[in-house]
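S.K.: Next up, my_file-v1.cif (mmCIF, C-alpha atoms).
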```cif
data_query
loop_
_atom_site.label_atom_id
_atom_site.label_comp_id
_atom_site.auth_asym_id
_atom_site.auth_seq_id
_atom_site.Cartn_x
_atom_site.Cartn_y
_atom_site.Cartn_z
CA MET A 4 -31.12 -36.99 -37.15
CA TRP A 5 -31.33 -33.75 -35.14
CA LYS A 6 -28.97 -33.56 -32.25
CA THR A 7 -30.41 -32.88 -28.84
CA GLY A 8 -29.67 -29.38 -27.66
CA GLY A 9 -29.70 -27.89 -31.15
CA LEU A 10 -30.74 -24.30 -31.69
CA PHE A 11 -34.31 -25.18 -32.67
CA ASP A 12 -34.68 -27.49 -29.66
CA ARG A 13 -33.51 -24.66 -27.39
CA LEU A 14 -36.04 -22.35 -29.02
CA LEU A 15 -38.74 -24.96 -28.38
CA GLY A 16 -37.66 -25.06 -24.73
CA LEU A 17 -38.18 -21.32 -24.52
CA THR A 18 -41.62 -21.66 -26.11
CA GLY A 19 -42.43 -24.12 -23.35
CA VAL A 20 -41.57 -21.58 -20.64
CA LEU A 21 -43.11 -18.44 -22.14
CA PRO A 22 -46.75 -19.65 -21.96
CA GLY A 23 -46.27 -20.43 -18.28
CA ILE A 24 -45.06 -16.90 -17.64
CA ILE A 25 -48.03 -15.51 -19.57
CA VAL A 26 -50.49 -17.65 -17.58
CA ALA A 27 -48.92 -16.52 -14.30
CA LEU A 28 -49.13 -12.86 -15.28
CA LEU A 29 -52.73 -13.23 -16.42
CA ALA A 30 -53.68 -15.02 -13.20
CA VAL A 31 -52.16 -12.26 -11.09
CA GLY A 32 -53.83 -9.58 -13.22
CA VAL A 33 -57.28 -11.16 -13.09
CA ALA A 34 -56.97 -11.78 -9.34
CA ALA A 35 -55.94 -8.15 -8.79
CA GLU A 36 -58.94 -6.99 -10.80
CA VAL A 37 -61.31 -9.17 -8.76
CA VAL A 38 -59.84 -7.83 -5.51
CA ALA A 39 -60.11 -4.25 -6.78
CA ARG A 40 -63.76 -4.71 -7.73
CA ASN A 41 -64.57 -6.32 -4.36
CA PHE A 42 -63.19 -3.21 -2.67
CA GLY A 43 -65.46 -1.01 -4.79
CA LEU A 44 -62.75 0.17 -7.14
CA SER A 45 -63.28 0.29 -10.88
CA GLY A 46 -60.88 -2.55 -11.66
CA PHE A 47 -58.67 -2.62 -14.72
CA TYR A 48 -60.64 -1.77 -17.84
CA TRP A 49 -57.88 -3.25 -20.02
CA MET A 50 -57.63 -6.66 -18.32
CA LEU A 51 -60.12 -8.46 -20.60
CA GLU A 52 -58.20 -7.38 -23.68
CA ALA A 53 -54.89 -8.36 -22.07
CA VAL A 54 -56.33 -11.81 -21.38
CA GLU A 55 -57.46 -12.11 -25.02
CA TYR A 56 -53.99 -11.26 -26.34
CA GLY A 57 -52.34 -13.43 -23.71
CA LEU A 58 -54.45 -16.49 -24.58
CA LEU A 59 -53.72 -16.05 -28.28
CA THR A 60 -50.00 -15.70 -27.64
CA LEU A 61 -49.63 -18.61 -25.24
CA THR A 62 -51.58 -20.91 -27.56
CA MET A 63 -49.58 -20.05 -30.67
CA VAL A 64 -46.21 -19.92 -28.92
CA GLY A 65 -46.69 -23.10 -26.90
CA ALA A 66 -48.15 -25.33 -29.63
CA ALA A 67 -44.78 -26.37 -31.11
CA TYR A 68 -43.39 -27.27 -27.68
CA ILE A 69 -46.44 -29.36 -26.82
CA LEU A 70 -46.11 -31.20 -30.13
CA SER A 71 -42.39 -31.77 -29.57
CA ILE A 72 -42.92 -33.51 -26.23
CA GLY A 73 -45.82 -35.61 -27.52
CA ARG A 74 -48.47 -34.04 -25.29
CA HIS A 75 -50.81 -32.90 -28.04
CA VAL A 76 -54.31 -34.33 -28.25
CA THR A 77 -54.35 -37.97 -29.34
CA VAL A 78 -56.83 -40.81 -29.15
CA ASP A 79 -54.63 -43.25 -27.27
CA LEU A 80 -57.37 -45.84 -26.92
CA VAL A 81 -57.54 -46.29 -30.70
CA LEU A 82 -53.80 -46.00 -31.32
CA GLY A 83 -52.89 -48.40 -28.54
CA ALA A 84 -55.10 -51.11 -29.98
CA LEU A 85 -53.42 -51.08 -33.39
CA PRO A 86 -50.72 -53.57 -34.38
CA PRO A 87 -47.25 -51.98 -34.78
CA ARG A 88 -47.29 -51.79 -38.59
CA ALA A 89 -50.76 -50.23 -38.73
CA TYR A 90 -49.81 -47.92 -35.88
CA ARG A 91 -46.78 -46.64 -37.82
CA ARG A 92 -48.86 -46.04 -40.96
CA PHE A 93 -51.52 -44.27 -38.94
CA ARG A 94 -48.89 -42.02 -37.32
CA ILE A 95 -47.45 -41.15 -40.73
CA GLY A 96 -50.94 -40.23 -41.94
CA ILE A 97 -51.59 -38.13 -38.84
CA ASN A 98 -48.25 -36.38 -39.25
CA LEU A 99 -49.08 -35.59 -42.89
CA VAL A 100 -52.42 -34.07 -41.90
CA ILE A 101 -50.73 -32.02 -39.17
CA VAL A 102 -48.11 -30.71 -41.61
CA LEU A 103 -50.71 -29.78 -44.20
CA ALA A 104 -53.01 -28.07 -41.70
CA ALA A 105 -50.12 -26.13 -40.15
CA ALA A 106 -48.90 -25.04 -43.60
CA VAL A 107 -52.36 -23.72 -44.47
CA ILE A 108 -52.58 -21.80 -41.19
CA VAL A 109 -49.09 -20.33 -41.65
CA TYR A 110 -49.92 -19.26 -45.20
CA TYR A 111 -53.26 -17.64 -44.45
CA GLY A 112 -51.97 -16.18 -41.20
CA ALA A 113 -49.10 -14.55 -43.08
CA VAL A 114 -51.45 -13.26 -45.79
CA THR A 115 -53.87 -11.68 -43.30
CA THR A 116 -51.03 -10.26 -41.21
CA HIS A 117 -49.45 -8.74 -44.31
CA LEU A 118 -52.81 -7.30 -45.35
CA ALA A 119 -53.23 -5.69 -41.92
CA TRP A 120 -49.69 -4.29 -42.25
CA VAL A 121 -50.32 -2.88 -45.74
CA GLU A 122 -53.67 -1.36 -44.77
CA ASP A 123 -52.10 0.02 -41.57
CA SER A 124 -55.23 -0.98 -39.66
CA THR A 125 -55.49 -0.28 -35.96
CA LEU A 126 -57.54 -1.98 -33.25
CA TYR A 127 -59.29 0.58 -31.05
CA LYS A 128 -60.22 -1.13 -27.82
CA SER A 129 -58.60 -0.70 -24.44
CA PHE A 130 -55.23 -0.55 -26.20
CA ASP A 131 -54.78 1.23 -29.50
CA ILE A 132 -52.60 -1.30 -31.27
CA LYS A 133 -51.70 -1.99 -34.85
CA GLU A 134 -53.75 -4.99 -35.94
CA TRP A 135 -50.80 -6.83 -37.50
CA ILE A 136 -49.03 -7.14 -34.12
CA PRO A 137 -51.40 -9.68 -32.50
CA MET A 138 -52.06 -11.25 -35.90
CA ALA A 139 -48.34 -11.91 -36.43
CA VAL A 140 -48.37 -14.30 -33.49
CA VAL A 141 -50.41 -16.80 -35.53
CA PRO A 142 -48.08 -17.36 -38.50
CA GLY A 143 -45.03 -16.98 -36.24
CA GLY A 144 -46.12 -19.60 -33.73
CA MET A 145 -47.55 -21.88 -36.37
CA ALA A 146 -44.30 -21.69 -38.37
CA LEU A 147 -42.52 -23.18 -35.35
CA PHE A 148 -45.29 -25.75 -35.09
CA LEU A 149 -44.90 -26.56 -38.80
CA ILE A 150 -41.15 -27.08 -38.45
CA GLU A 151 -41.68 -29.48 -35.55
CA ALA A 152 -44.45 -31.28 -37.44
CA VAL A 153 -42.15 -31.77 -40.43
CA ARG A 154 -39.42 -33.07 -38.10
CA GLN A 155 -41.86 -35.59 -36.66
CA LEU A 156 -43.06 -36.62 -40.11
CA ILE A 157 -39.47 -37.22 -41.21
CA ARG A 158 -38.81 -39.24 -38.05
CA SER A 159 -41.92 -41.34 -38.64
CA LEU A 160 -40.81 -42.08 -42.21
CA GLY A 161 -37.27 -43.08 -41.24
CA PRO A 162 -36.14 -46.71 -41.06
CA ASP A 163 -35.40 -46.39 -37.34
CA ALA A 164 -38.79 -44.85 -36.59
CA GLY A 165 -39.95 -47.88 -34.64
CA ASP A 166 -43.62 -47.22 -34.04
CA GLY A 167 -43.43 -43.56 -35.15
CA THR A 168 -44.02 -41.82 -31.82
CA PRO A 169 -42.14 -38.57 -31.13
CA ARG A 170 -40.18 -39.86 -28.13
CA GLY A 171 -40.44 -43.60 -28.78
CA GLU A 172 -43.24 -44.00 -26.25
CA ARG A 173 -46.17 -45.88 -27.66
CA PRO A 174 -49.40 -45.68 -25.68
CA GLU A 175 -50.43 -48.91 -24.07
CA ALA A 176 -53.67 -50.63 -24.99
CA PHE A 177 -56.30 -50.86 -22.28
#
```
Please render this file's structure as structure tokens.
M.R.:
Amino acid sequence: MWKTGGLFDRLLGLTGVLPGIIVALLAVGVAAEVVARNFGLSGFYWMLEAVEYGLLTLTMVGAAYILSIGRHVTVDLVLGALPPRAYRRFRIGINLVIVLAAAVIVYYGAVTTHLAWVEDSTLYKSFDIKEWIPMAVVPGGMALFLIEAVRQLIRSLGPDAGDGTPRGERPEAF
């Protein structure tokens, strides 16, 4: 249905790389702070806040990629024990729940981000930053997640869905 290498798939590939870069930068920053404190220096007062923003960003940005490669949290023990027809129905149900939950998060994330924009609220911590900037990561990242969830739901409903898994790999029963 969607050709491999399409624009959205390339965007998902980028969202798979960006969290790794963020983790690497945070690891270097935290390590540098630990070294600085061990040498009696004051460390980086802003590092904790940078880690907070980094964790939020990597989670929201990477979620769609993780879903697209089928590495999200699943209970393989239960799914692997189901017969193929029940497995397919279960996957369709799971995909529906994922789509609905993502849609709710996108909606409320957009509403709260817009409210922060309209109120022109600012976060005064280590960085003085407009509140809508970190908040915008939530509806932005979850919108990508929602698109991928809808794609997987459509695939699971299709006649060639097989057992409904994202990449055609059904977990094996124990």
S.K.: Here's the selection I'm unsure about, the PyMOL selection byres ((chain A and resi 139) around 9); applied to the file above, which residues does it give, as a list in words?
M.R.: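 On the file shown, the PyMOL selection byres ((chain A and resi 139) around 9) covers Gly112, Ala113, Thr115, Thr116, His117, Glu134, Trp135, Ile136, Pro137, Met138, Val140, Val141, Pro142, Gly143 and Gly144 of chain A.
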S.K.: Specify as a count of residues only each residue included when the PyMOL selection byres ((chain A and resi 89-104) around 8) is applied to this file.
M.R.: 21
S.K.: What residues come out when you apply the PyMOL selection byres ((chain A and resi 21) around 12) to this file, written as an mmCIF file with C-alpha atoms, keeping the file's coordinate frame?
M.R.:
```cif
data_model
loop_
_atom_site.group_PDB
_atom_site.id
_atom_site.type_symbol
_atom_site.label_atom_id
_atom_site.label_comp_id
_atom_site.auth_asym_id
_atom_site.auth_seq_id
_atom_site.Cartn_x
_atom_site.Cartn_y
_atom_site.Cartn_z
ATOM 1 C CA LEU A 14 -36.040 -22.350 -29.020
ATOM 2 C CA LEU A 15 -38.740 -24.960 -28.380
ATOM 3 C CA GLY A 16 -37.660 -25.060 -24.730
ATOM 4 C CA LEU A 17 -38.180 -21.320 -24.520
ATOM 5 C CA THR A 18 -41.620 -21.660 -26.110
ATOM 6 C CA GLY A 19 -42.430 -24.120 -23.350
ATOM 7 C CA VAL A 20 -41.570 -21.580 -20.640
ATOM 8 C CA PRO A 22 -46.750 -19.650 -21.960
ATOM 9 C CA GLY A 23 -46.270 -20.430 -18.280
ATOM 10 C CA ILE A 24 -45.060 -16.900 -17.640
ATOM 11 C CA ILE A 25 -48.030 -15.510 -19.570
ATOM 12 C CA VAL A 26 -50.490 -17.650 -17.580
ATOM 13 C CA ALA A 27 -48.920 -16.520 -14.300
ATOM 14 C CA LEU A 28 -49.130 -12.860 -15.280
ATOM 15 C CA GLY A 57 -52.340 -13.430 -23.710
ATOM 16 C CA LEU A 58 -54.450 -16.490 -24.580
ATOM 17 C CA THR A 60 -50.000 -15.700 -27.640
ATOM 18 C CA LEU A 61 -49.630 -18.610 -25.240
ATOM 19 C CA THR A 62 -51.580 -20.910 -27.560
ATOM 20 C CA MET A 63 -49.580 -20.050 -30.670
ATOM 21 C CA VAL A 64 -46.210 -19.920 -28.920
ATOM 22 C CA GLY A 65 -46.690 -23.100 -26.900
ATOM 23 C CA ALA A 66 -48.150 -25.330 -29.630
ATOM 24 C CA TYR A 68 -43.390 -27.270 -27.680
#
```
S.K.: One decimal, in Å: what's the spacing between CA of Glu52 in chain A and CA of Glu36 in chain A?
M.R.: 12.9 Å
S.K.: For a test of reading the model, state the distance in Å between CA of Val31 in chain A and CA of Ser45 in chain A, rounded to one decimal.
M.R.: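 Value for the CA of Val31 in chain A-CA of Ser45 in chain A distance: 16.8 Å.
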S.K.: Given only C-alpha atoms as the basis, pick out the residue of A:Val81, A:Leu70, A:Val114, A:Ala119 nearest to Phe148 in chain A.
M.R.: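 Smallest distance to Phe148 in chain A is found for A:Leu70.
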S.K.: Calculate how many Å separate CA of Thr125 in chain A from CA of Tyr56 in chain A, rounding to one decimal.
M.R.: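 Those two atoms sit 14.7 Å apart.
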S.K.: Smallest atom-to-atom distance to Phe11 in chain A: which of A:Leu126, A:Leu29, A:Ala67, A:Ile157, using only C-alpha atoms?
M.R.: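 Closest candidate: A:Ala67.
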